[in-house]
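J.: Here you go, this is structure.txt (compact mmCIF, C-alpha atoms).
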# COMPACT_ATOMS: atom_id res chain seq x y z
CA MET A 98 -130.36 37.23 -73.77
CA ALA A 99 -126.88 38.69 -74.14
CA LYS A 100 -125.41 36.76 -71.23
CA ASP A 101 -124.99 33.01 -71.02
CA LEU A 102 -128.00 31.58 -69.16
CA TYR A 103 -125.91 29.03 -67.29
CA GLU A 104 -123.55 31.80 -66.20
CA ILE A 105 -126.49 33.87 -64.95
CA LEU A 106 -127.58 31.02 -62.67
CA GLY A 107 -123.99 30.13 -61.76
CA VAL A 108 -124.20 26.50 -62.87
CA ALA A 109 -122.20 24.39 -65.31
CA ARG A 110 -123.58 23.56 -68.75
CA GLY A 111 -124.02 19.93 -67.73
CA ALA A 112 -126.17 20.87 -64.71
CA ASN A 113 -129.27 18.76 -64.19
CA ALA A 114 -132.78 20.01 -63.39
CA THR A 115 -132.26 19.71 -59.62
CA GLU A 116 -129.05 21.77 -59.67
CA ILE A 117 -130.68 24.44 -61.88
CA LYS A 118 -133.71 24.68 -59.58
CA LYS A 119 -131.53 24.91 -56.47
CA ALA A 120 -129.40 27.70 -57.97
CA TYR A 121 -132.52 29.61 -59.05
CA ARG A 122 -134.06 29.47 -55.58
CA VAL A 123 -130.90 30.86 -53.97
CA LEU A 124 -130.60 33.75 -56.45
CA ALA A 125 -134.34 34.49 -56.44
CA ARG A 126 -134.30 34.90 -52.67
CA LYS A 127 -131.19 37.05 -52.86
CA TYR A 128 -132.41 39.51 -55.51
CA HIS A 129 -136.18 39.57 -54.89
CA PRO A 130 -137.31 43.25 -54.89
CA ASP A 131 -139.14 42.75 -51.58
CA VAL A 132 -135.91 41.66 -49.93
CA ASN A 133 -133.12 43.42 -51.81
CA LYS A 134 -133.51 47.20 -52.15
CA GLU A 135 -130.15 47.79 -53.80
CA SER A 136 -129.96 49.43 -57.21
CA GLY A 137 -130.09 46.88 -60.01
CA ALA A 138 -131.47 44.07 -57.82
CA GLU A 139 -134.84 44.05 -59.61
CA ASP A 140 -133.18 43.80 -63.04
CA ARG A 141 -130.97 40.98 -61.78
CA PHE A 142 -134.07 39.21 -60.41
CA LYS A 143 -135.81 39.45 -63.80
CA GLU A 144 -132.66 38.17 -65.51
CA VAL A 145 -132.53 35.16 -63.19
CA GLN A 146 -136.24 34.47 -63.72
CA LYS A 147 -135.85 34.53 -67.51
CA ALA A 148 -132.83 32.22 -67.39
CA TYR A 149 -134.67 29.72 -65.18
CA GLU A 150 -137.81 29.88 -67.36
CA ILE A 151 -135.75 28.65 -70.32
CA LEU A 152 -133.40 26.18 -68.63
CA SER A 153 -136.18 24.54 -66.58
CA ASN A 154 -138.10 23.75 -69.77
CA PRO A 155 -136.56 20.65 -71.47
CA ASP A 156 -137.56 21.76 -74.99
CA LYS A 157 -136.35 25.34 -74.58
CA LYS A 158 -133.17 24.12 -72.86
CA ALA A 159 -132.40 21.75 -75.75
CA GLN A 160 -132.99 24.56 -78.25
CA TYR A 161 -130.77 26.92 -76.27
CA ASP A 162 -128.01 24.32 -75.91
CA GLN A 163 -127.98 23.77 -79.70
CA PHE A 164 -128.51 27.28 -81.06
CA GLY A 165 -127.72 29.62 -78.17
CA ILE A 166 -131.20 31.18 -78.31
CA THR A 167 -134.87 30.15 -78.02
CA ASP A 168 -138.07 31.17 -79.76
CA ASP A 169 -138.96 33.53 -76.93
CA SER A 170 -135.53 35.11 -76.55
CA PRO A 171 -135.72 38.93 -76.31
CA ARG A 172 -135.71 40.55 -79.75
CA GLY A 173 -133.82 43.63 -80.80
CA GLY A 174 -135.33 46.47 -82.77
CA GLY A 175 -135.75 46.98 -86.46
CA GLY A 176 -135.61 44.76 -89.52
CA SER A 177 -132.97 42.17 -88.73
CA GLU A 178 -135.36 39.60 -87.29
CA GLY A 179 -136.71 36.58 -89.07
CA PHE A 180 -137.08 32.82 -88.90
CA GLY A 181 -139.41 32.91 -85.86
CA GLY A 182 -137.33 35.14 -83.62
CA PHE A 183 -133.82 34.33 -84.89
CA SER A 184 -131.73 37.34 -85.86
CA ALA A 185 -129.63 37.38 -89.00
CA GLU A 186 -126.51 37.06 -86.90
CA ASN A 187 -127.90 34.04 -85.06
CA PHE A 188 -128.92 32.47 -88.37
CA GLU A 189 -125.29 32.70 -89.51
CA ASP A 190 -124.25 30.83 -86.37
CA ILE A 191 -126.85 28.15 -87.08
CA PHE A 192 -125.69 27.94 -90.70
CA ASP A 193 -122.13 27.40 -89.50
CA SER A 194 -123.26 24.57 -87.23
CA PHE A 195 -124.62 22.73 -90.28
CA PHE A 196 -121.99 23.57 -92.90
CA GLY A 197 -118.91 23.89 -90.65
CA GLY A 198 -116.37 26.64 -90.33
CA ASN A 199 -116.86 30.22 -89.28
CA ARG A 200 -117.95 32.71 -91.92
CA ARG A 201 -116.24 35.57 -90.13
CA GLN A 202 -113.09 34.14 -88.65
CA LYS A 203 -110.62 36.80 -87.66
CA ARG A 204 -106.97 36.81 -88.42
CA SER A 205 -104.87 35.23 -85.70
CA GLY A 206 -102.98 37.74 -83.60
CA PRO A 207 -101.71 38.37 -80.09
CA ARG A 208 -103.61 36.28 -77.55
CA GLN A 209 -103.61 36.71 -73.80
CA GLY A 210 -101.84 34.00 -71.84
CA GLU A 211 -103.57 31.51 -69.58
CA ASP A 212 -104.25 32.18 -65.91
CA LEU A 213 -102.46 29.97 -63.38
CA ARG A 214 -103.49 28.61 -59.96
CA TYR A 215 -101.33 28.14 -56.87
CA ASP A 216 -102.61 26.48 -53.68
CA LEU A 217 -101.11 27.99 -50.51
CA GLU A 218 -101.54 26.54 -47.02
CA LEU A 219 -101.25 28.88 -44.03
CA SER A 220 -101.33 28.57 -40.27
CA LEU A 221 -104.19 30.30 -38.46
CA GLU A 222 -101.75 32.81 -36.92
CA ASP A 223 -100.33 33.80 -40.34
CA ALA A 224 -103.80 34.04 -41.88
CA CYS A 225 -104.96 36.36 -39.12
CA LYS A 226 -101.97 38.71 -38.89
CA GLY A 227 -101.14 39.02 -42.60
CA ILE A 228 -97.73 38.19 -44.02
CA LYS A 229 -95.62 38.22 -47.18
CA LYS A 230 -95.01 34.77 -48.60
CA ASP A 231 -92.42 33.81 -51.20
CA ILE A 232 -93.66 31.13 -53.58
CA GLU A 233 -92.11 29.43 -56.61
CA ILE A 234 -94.09 28.76 -59.77
CA TYR A 235 -93.44 27.47 -63.28
CA HIS A 236 -94.98 29.50 -66.07
CA LEU A 237 -94.56 30.13 -69.77
CA ASP A 238 -92.50 33.23 -70.49
CA LYS A 239 -90.83 34.66 -73.56
CA CYS A 240 -88.20 32.32 -74.92
CA SER A 241 -84.81 33.40 -73.60
CA ARG A 242 -83.16 32.45 -76.92
CA CYS A 243 -85.40 34.05 -79.56
CA LYS A 244 -86.98 36.69 -77.25
CA GLY A 245 -90.45 35.44 -78.16
CA SER A 246 -90.19 35.66 -81.96
CA GLY A 247 -90.14 31.89 -82.47
CA ALA A 248 -87.41 32.24 -85.12
CA GLN A 249 -83.82 31.14 -84.69
CA PRO A 250 -81.63 34.16 -83.78
CA GLY A 251 -80.21 35.71 -86.94
CA THR A 252 -83.27 34.72 -89.01
CA GLN A 253 -86.70 36.25 -89.39
CA LYS A 254 -90.28 35.35 -90.23
CA ASN A 255 -91.42 35.53 -93.85
CA PRO A 256 -94.86 36.38 -95.27
CA CYS A 257 -97.01 33.30 -95.91
CA HIS A 258 -96.90 32.30 -99.59
CA GLN A 259 -100.53 31.12 -99.59
CA CYS A 260 -102.31 34.11 -98.04
CA HIS A 261 -99.53 36.64 -98.85
CA GLY A 262 -99.39 37.78 -95.24
CA ALA A 263 -103.13 38.38 -94.85
CA GLY A 264 -103.67 35.46 -92.53
CA GLN A 265 -107.00 34.69 -94.23
CA ILE A 266 -108.20 33.12 -97.44
CA LYS A 267 -111.58 33.32 -99.15
CA THR A 268 -113.45 30.22 -100.23
CA VAL A 269 -116.80 29.69 -101.99
CA GLN A 270 -119.22 26.89 -101.09
CA ARG A 271 -122.15 25.86 -103.26
CA THR A 272 -125.10 24.52 -101.30
CA MET A 273 -128.78 23.87 -101.91
CA LEU A 274 -129.40 27.40 -100.62
CA GLY A 275 -126.99 28.93 -103.15
CA SER A 276 -123.34 29.97 -103.14
CA PHE A 277 -121.78 31.21 -99.93
CA SER A 278 -118.38 32.81 -99.59
CA GLN A 279 -116.33 32.26 -96.47
CA VAL A 280 -113.26 33.97 -95.10
CA VAL A 281 -111.30 31.48 -93.01
CA ALA A 282 -107.92 31.38 -91.32
CA CYS A 283 -105.12 30.38 -93.64
CA PRO A 284 -104.37 26.66 -93.10
CA THR A 285 -100.68 27.14 -93.89
CA CYS A 286 -99.80 29.86 -91.37
CA HIS A 287 -102.82 29.24 -89.13
CA GLY A 288 -103.90 32.85 -89.40
CA SER A 289 -100.63 34.49 -88.39
CA GLY A 290 -99.73 35.63 -91.91
CA GLN A 291 -96.11 34.60 -91.37
CA ILE A 292 -94.01 31.48 -91.83
CA ILE A 293 -91.00 30.56 -89.72
CA GLN A 294 -88.43 28.93 -92.01
CA HIS A 295 -85.90 28.36 -89.22
CA PRO A 296 -87.68 27.72 -85.87
CA CYS A 297 -85.86 28.51 -82.65
CA LEU A 298 -83.98 25.45 -81.40
CA LEU A 299 -85.04 26.08 -77.79
CA CYS A 300 -88.80 26.76 -78.09
CA HIS A 301 -89.33 25.04 -81.49
CA GLY A 302 -91.00 28.11 -82.94
CA LYS A 303 -93.56 28.70 -80.19
CA GLY A 304 -91.80 31.75 -78.77
CA LEU A 305 -92.49 30.55 -75.22
CA GLU A 306 -90.32 28.77 -72.68
CA LYS A 307 -91.20 27.12 -69.35
CA GLN A 308 -89.39 29.03 -66.63
CA LYS A 309 -89.18 28.90 -62.84
CA ARG A 310 -89.98 32.12 -61.03
CA LYS A 311 -90.05 33.23 -57.40
CA ILE A 312 -92.88 35.61 -56.47
CA SER A 313 -93.56 37.49 -53.23
CA VAL A 314 -97.27 37.42 -52.42
CA SER A 315 -98.80 39.78 -49.86
CA ILE A 316 -101.37 37.94 -47.72
CA PRO A 317 -103.78 40.43 -46.11
CA ALA A 318 -104.82 39.91 -42.50
CA GLY A 319 -108.12 38.07 -42.11
CA VAL A 320 -107.99 35.63 -45.03
CA GLU A 321 -109.72 32.28 -44.59
CA SER A 322 -109.94 28.99 -46.44
CA GLY A 323 -111.35 29.60 -49.91
CA THR A 324 -109.99 33.15 -50.22
CA ARG A 325 -108.63 33.80 -53.72
CA LEU A 326 -105.88 36.35 -54.27
CA ARG A 327 -105.10 37.69 -57.75
CA VAL A 328 -101.52 38.47 -58.71
CA SER A 329 -101.69 40.46 -61.94
CA SER A 330 -99.64 39.43 -64.99
CA GLU A 331 -97.92 36.46 -63.32
CA GLY A 332 -99.66 33.79 -65.41
CA ASN A 333 -98.47 32.31 -68.70
CA HIS A 334 -97.19 34.79 -71.29
CA GLY A 335 -99.48 35.29 -74.27
CA GLU A 336 -98.84 33.86 -77.74
CA GLU A 337 -97.85 36.11 -80.64
CA GLY A 338 -96.72 38.78 -78.19
CA GLY A 339 -100.00 38.84 -76.27
CA PRO A 340 -100.16 39.99 -72.64
CA PRO A 341 -99.66 37.47 -69.81
CA GLY A 342 -102.49 35.99 -67.80
CA ASP A 343 -102.86 36.31 -64.04
CA LEU A 344 -101.87 34.09 -61.12
CA TYR A 345 -104.58 33.15 -58.64
CA VAL A 346 -103.49 32.07 -55.16
CA PHE A 347 -106.07 29.93 -53.35
CA ILE A 348 -105.77 29.97 -49.56
CA THR A 349 -106.27 27.02 -47.22
CA VAL A 350 -105.95 27.61 -43.47
CA LYS A 351 -104.77 24.62 -41.41
CA PRO A 352 -106.83 23.57 -38.36
CA HIS A 353 -105.37 24.85 -35.07
CA VAL A 354 -104.52 22.77 -32.02
CA TYR A 355 -106.84 24.67 -29.67
CA PHE A 356 -108.23 27.75 -31.47
CA VAL A 357 -111.45 27.43 -33.48
CA ARG A 358 -112.34 30.22 -35.93
CA ARG A 359 -115.97 31.14 -36.58
CA ALA A 360 -116.23 34.03 -39.03
CA ASP A 361 -113.93 36.66 -37.46
CA ASP A 362 -114.29 35.38 -33.89
CA ILE A 363 -111.96 32.94 -32.12
CA HIS A 364 -113.22 30.31 -29.68
CA ILE A 365 -111.22 28.38 -27.09
CA ARG A 366 -112.13 25.98 -24.26
CA VAL A 367 -110.43 25.84 -20.88
CA GLU A 368 -110.93 23.32 -18.07
CA LEU A 369 -110.62 24.59 -14.51
CA PRO A 370 -110.65 22.76 -11.17
CA LEU A 371 -113.96 22.93 -9.30
CA SER A 372 -112.30 24.95 -6.55
CA LYS A 373 -111.45 27.81 -8.94
CA LEU A 374 -115.04 27.99 -10.19
CA ILE A 375 -116.36 28.03 -6.63
CA LEU A 376 -113.83 30.45 -5.13
CA GLY A 377 -113.04 32.48 -8.24
CA ALA A 378 -109.62 32.99 -9.83
CA GLU A 379 -107.53 34.96 -12.30
CA ILE A 380 -106.13 32.86 -15.14
CA ILE A 381 -104.01 33.47 -18.23
CA VAL A 382 -105.35 32.29 -21.60
CA PRO A 383 -103.59 32.22 -25.02
CA THR A 384 -104.68 34.56 -27.81
CA LEU A 385 -103.63 35.03 -31.43
CA SER A 386 -101.38 37.90 -30.38
CA GLY A 387 -99.91 36.42 -27.19
CA HIS A 388 -101.86 35.95 -23.97
CA ALA A 389 -104.46 37.75 -21.89
CA GLU A 390 -105.64 37.72 -18.26
CA LEU A 391 -109.18 36.53 -17.54
CA LYS A 392 -110.98 36.97 -14.22
CA ILE A 393 -113.25 34.09 -13.19
CA PRO A 394 -115.85 35.32 -10.63
CA ALA A 395 -116.64 33.16 -7.63
CA GLY A 396 -119.53 30.78 -8.24
CA THR A 397 -119.01 30.55 -12.02
CA ALA A 398 -120.98 27.67 -13.53
CA SER A 399 -119.36 25.15 -15.87
CA GLY A 400 -120.16 26.07 -19.47
CA THR A 401 -119.99 29.83 -18.90
CA THR A 402 -118.56 31.80 -21.85
CA PHE A 403 -116.41 34.92 -21.42
CA ARG A 404 -115.57 37.45 -24.16
CA LEU A 405 -112.19 39.05 -24.77
CA LYS A 406 -113.06 42.03 -26.92
CA GLY A 407 -110.84 42.70 -29.94
CA LYS A 408 -108.81 39.51 -29.55
CA GLY A 409 -110.22 37.83 -32.66
CA VAL A 410 -109.45 38.05 -36.37
CA PRO A 411 -109.05 41.38 -38.24
CA HIS A 412 -111.87 42.03 -40.68
CA LEU A 413 -110.61 41.37 -44.21
CA GLN A 414 -110.26 44.59 -46.22
CA SER A 415 -112.13 46.49 -43.53
CA TYR A 416 -111.68 48.11 -40.13
CA GLY A 417 -112.13 46.40 -36.80
CA THR A 418 -111.40 43.01 -35.28
CA GLY A 419 -113.48 40.11 -34.05
CA ASP A 420 -113.53 38.87 -30.46
CA GLN A 421 -112.23 35.82 -28.61
CA PHE A 422 -114.68 33.71 -26.63
CA VAL A 423 -113.49 31.50 -23.77
CA ASP A 424 -115.72 28.57 -22.77
CA VAL A 425 -115.01 27.61 -19.14
CA LEU A 426 -115.60 23.97 -18.19
CA VAL A 427 -115.14 22.20 -14.86
CA LYS A 428 -112.34 19.66 -14.67
CA ILE A 429 -113.42 16.59 -12.69
CA PRO A 430 -110.55 14.41 -11.40
CA LYS A 431 -110.87 10.74 -12.33
CA THR A 432 -109.22 9.55 -9.10
CA ILE A 433 -109.00 11.13 -5.62
CA SER A 434 -107.27 10.19 -2.40
CA ALA A 435 -109.06 9.08 0.75
CA LYS A 436 -108.37 12.47 2.37
CA GLU A 437 -109.78 14.33 -0.65
CA LYS A 438 -112.86 12.13 -0.61
CA LYS A 439 -113.45 12.83 3.08
CA LEU A 440 -113.14 16.59 2.55
CA ILE A 441 -115.58 16.49 -0.39
CA GLU A 442 -118.08 14.49 1.72
CA GLU A 443 -117.79 17.06 4.50
CA PHE A 444 -118.38 19.85 1.99
CA ALA A 445 -121.39 18.02 0.56
CA GLU A 446 -122.84 17.54 4.05
CA LEU A 447 -122.46 21.24 4.82
CA GLN A 448 -124.26 22.03 1.56
CA GLY A 449 -127.03 19.57 2.36
CA ASP A 450 -126.24 17.52 -0.73
CA LEU A 451 -126.29 14.19 1.15
CA LYS A 452 -129.97 14.47 2.06
CA LYS A 453 -132.25 12.21 0.07
CA THR A 454 -135.21 13.77 -1.72
CA THR A 455 -138.28 12.46 -3.50
CA ASP A 456 -138.79 15.67 -5.48
CA PRO A 457 -138.03 14.88 -9.18
CA LEU A 458 -137.58 18.59 -9.92
CA VAL A 459 -135.01 19.34 -7.27
CA TYR A 460 -132.09 19.17 -9.73
CA VAL A 461 -133.93 20.40 -12.84
CA LYS A 462 -132.91 23.84 -14.04
CA ARG A 463 -135.68 26.17 -15.12
CA ASN A 464 -135.76 27.59 -18.65
CA ARG A 465 -134.98 31.25 -18.95
Just give me the structure of the file as structure tokens.
T.:
Amino acid sequence: MAKDLYEILGVARGANATEIKKAYRVLARKYHPDVNKESGAEDRFKEVQKAYEILSNPDKKAQYDQFGITDDSPRGGGGSEGFGGFSAENFEDIFDSFFGGNRRQKRSGPRQGEDLRYDLELSLEDACKGIKKDIEIYHLDKCSRCKGSGAQPGTQKNPCHQCHGAGQIKTVQRTMLGSFSQVVACPTCHGSGQIIQHPCLLCHGKGLEKQKRKISVSIPAGVESGTRLRVSSEGNHGEEGGPPGDLYVFITVKPHVYFVRRADDIHIRVELPLSKLILGAEIIVPTLSGHAELKIPAGTASGTTFRLKGKGVPHLQSYGTGDQFVDVLVKIPKTISAKEKKLIEEFAELQGDLKKTTDPLVYVKRNR
């Protein structure tokens, strides 16, 4: 298979049988043709099945871990197969694992820089409205002294005397299978083809310097914990003049004092005196964008939930907004005065609540 089997299942190379099986079940349910009708889902399902068939078999898994293929790996067409399913290219890889080196090492050249990670913590309000945030990072950039050449200003790189600027040298190895020639990176210049006689005093010949940089990051409305934002070309600068990597900003949203976010909806709880639930009232409740009025009808039961449409979180990279849900609970006073107690007893007598009953179902609420 062209792709890495572990990557297909989304597990690490050190994953055990339980982790592999769990990942397979999730992906199999997701891409099964009876469930997923999208284009390419069936091919993805077959790919996942094949990966699991190999990695769930201890012998095939061991063979794949060592050689990168198995005996029943899919074969290409025409004349390059041999050795029980191993292609000529795969045989070269196996040969290298026994005799060392790489028979086709390429000359060293520009290499892309590493990606960087920055962890950013936001309040719920900022995460929901979207903001611009200035952050400071340290990354590797071109050396300010030698401008990335690695050579002391006023000097230059010279062709390597061993490989004559080629960056590679050819060697011959004699083995029990015969003589094999190898082209490997030059050990003197490490494949660059050039030698720095006078390295830069600031970067010591690396051409890179650690620098502090301030970056403005646009946070879209609706991000949540775990959201990853990519800032192109703000990672470490590449070696040998290679392009820079990217910066990835990982978002964490701090818990709120009274708002609770569930997907793109906001939930809040309010406690009201019994009198307001019985008589009804108009109250003001906080929202992400300020406050809103909420009408409580007379006779509202404790535990009733009201919806404020459009007062939730904006959908990330989409249109529309979630809602805010207000859970109304009754607030029972822990202490009351003698006058309050007398009034409550009078109210209970008027309601008939003081009468004793032998019916066990009198206070039981029926299921809907």
J.: Identify, on the basis of only C-alpha atoms, every residue whose closest approach to segment 366-368 of chain A does not exceed 6 Å; exclude the query and any residue fewer than 2 positions from it along the same chain; express the result as number ranges by chain.
T.: A: 423-428
J.: When you look at Lys392 of chain A with a cut-off of 10 Å (counting all atoms listed in the file), what residues show up, excluding the ones that are within fewer than 4 positions of it in the same chain? I need them as a PyMOL selection string.
T.: chain A and resi 377-381+403
J.: Find the distance between atom CA of Gly290 of chain A and atom CA of Glu331 of chain A and write it in Å to one decimal.
T.: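 Atom CA of Glu331 of chain A lies 28.7 Å from atom CA of Gly290 of chain A.
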J.: Considering only C-alpha atoms, can you say which of A:Ala360, A:Pro207, A:Ala125, A:Gly339 comes closest to Ala138 of chain A?
T.: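 Using only C-alpha atoms, the shortest distance to Ala138 of chain A belongs to A:Ala125.
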J.: Can you tell me which residues surround segment 258-264 of chain A at a distance of at most 10 Å, considering only C-alpha atoms, apart from same-chain residues fewer than 2 positions away, and format the answer as a list in words?
T.: Lys203, Arg204, Ser205, Gly206, Asn255, Pro256, Ile266, Lys267, Val281, Ala282, Cys283, Pro284, Thr285, Cys286, His287, Gly288, Ser289, Gly290, Gln291 and Ile292 of chain A
J.: Create the file for the chosen residues now, containing C-alpha atoms and written as a PDB file, in the coordinates of the input.
T.:
ATOM      1  CA  LYS A 203    -110.620  36.800 -87.660  1.00  0.00           C
ATOM      2  CA  ARG A 204    -106.970  36.810 -88.420  1.00  0.00           C
ATOM      3  CA  SER A 205    -104.870  35.230 -85.700  1.00  0.00           C
ATOM      4  CA  GLY A 206    -102.980  37.740 -83.600  1.00  0.00           C
ATOM      5  CA  ASN A 255     -91.420  35.530 -93.850  1.00  0.00           C
ATOM      6  CA  PRO A 256     -94.860  36.380 -95.270  1.00  0.00           C
ATOM      7  CA  ILE A 266    -108.200  33.120 -97.440  1.00  0.00           C
ATOM      8  CA  LYS A 267    -111.580  33.320 -99.150  1.00  0.00           C
ATOM      9  CA  VAL A 281    -111.300  31.480 -93.010  1.00  0.00           C
ATOM     10  CA  ALA A 282    -107.920  31.380 -91.320  1.00  0.00           C
ATOM     11  CA  CYS A 283    -105.120  30.380 -93.640  1.00  0.00           C
ATOM     12  CA  PRO A 284    -104.370  26.660 -93.100  1.00  0.00           C
ATOM     13  CA  THR A 285    -100.680  27.140 -93.890  1.00  0.00           C
ATOM     14  CA  CYS A 286     -99.800  29.860 -91.370  1.00  0.00           C
ATOM     15  CA  HIS A 287    -102.820  29.240 -89.130  1.00  0.00           C
ATOM     16  CA  GLY A 288    -103.900  32.850 -89.400  1.00  0.00           C
ATOM     17  CA  SER A 289    -100.630  34.490 -88.390  1.00  0.00           C
ATOM     18  CA  GLY A 290     -99.730  35.630 -91.910  1.00  0.00           C
ATOM     19  CA  GLN A 291     -96.110  34.600 -91.370  1.00  0.00           C
ATOM     20  CA  ILE A 292     -94.010  31.480 -91.830  1.00  0.00           C
TER      21      ILE A 292
END
J.: Can you work out the spacing between atom CA of Lys244 of chain A and atom CA of Leu344 of chain A in Å, to one decimal?
T.: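 Atom CA of Leu344 of chain A lies at a distance of 22.1 Å from atom CA of Lys244 of chain A.
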J.: So what do you get for atom CA of Gln421 of chain A versus atom CA of Ser399 of chain A, distance-wise?
T.: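 These atoms are spaced 18.1 Å apart.
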J.: Counting all atoms listed in the file, which residue out of A:Lys439, A:Leu371, A:Ala318, A:Lys134 sits closest to Ser415 of chain A?
T.: A:Ala318
J.: Report, as lines of an AutoDock Vina configuration file, the centre and edge lengths in Å (one decimal) of the axis-aligned box enclosing every listed atom of segment 443-461 of chain A, padded by 4 Å on each side.
T.:
center_x = -128.3
center_y = 17.1
center_z = -4.0
size_x = 29.0
size_y = 17.8
size_z = 25.7
J.: Point out the residue among A:Thr115, A:Ser220, A:Ser241, A:Thr454 with the least atom-to-atom distance to Ile348 of chain A, counting all atoms listed in the file.
T.: A:Ser220
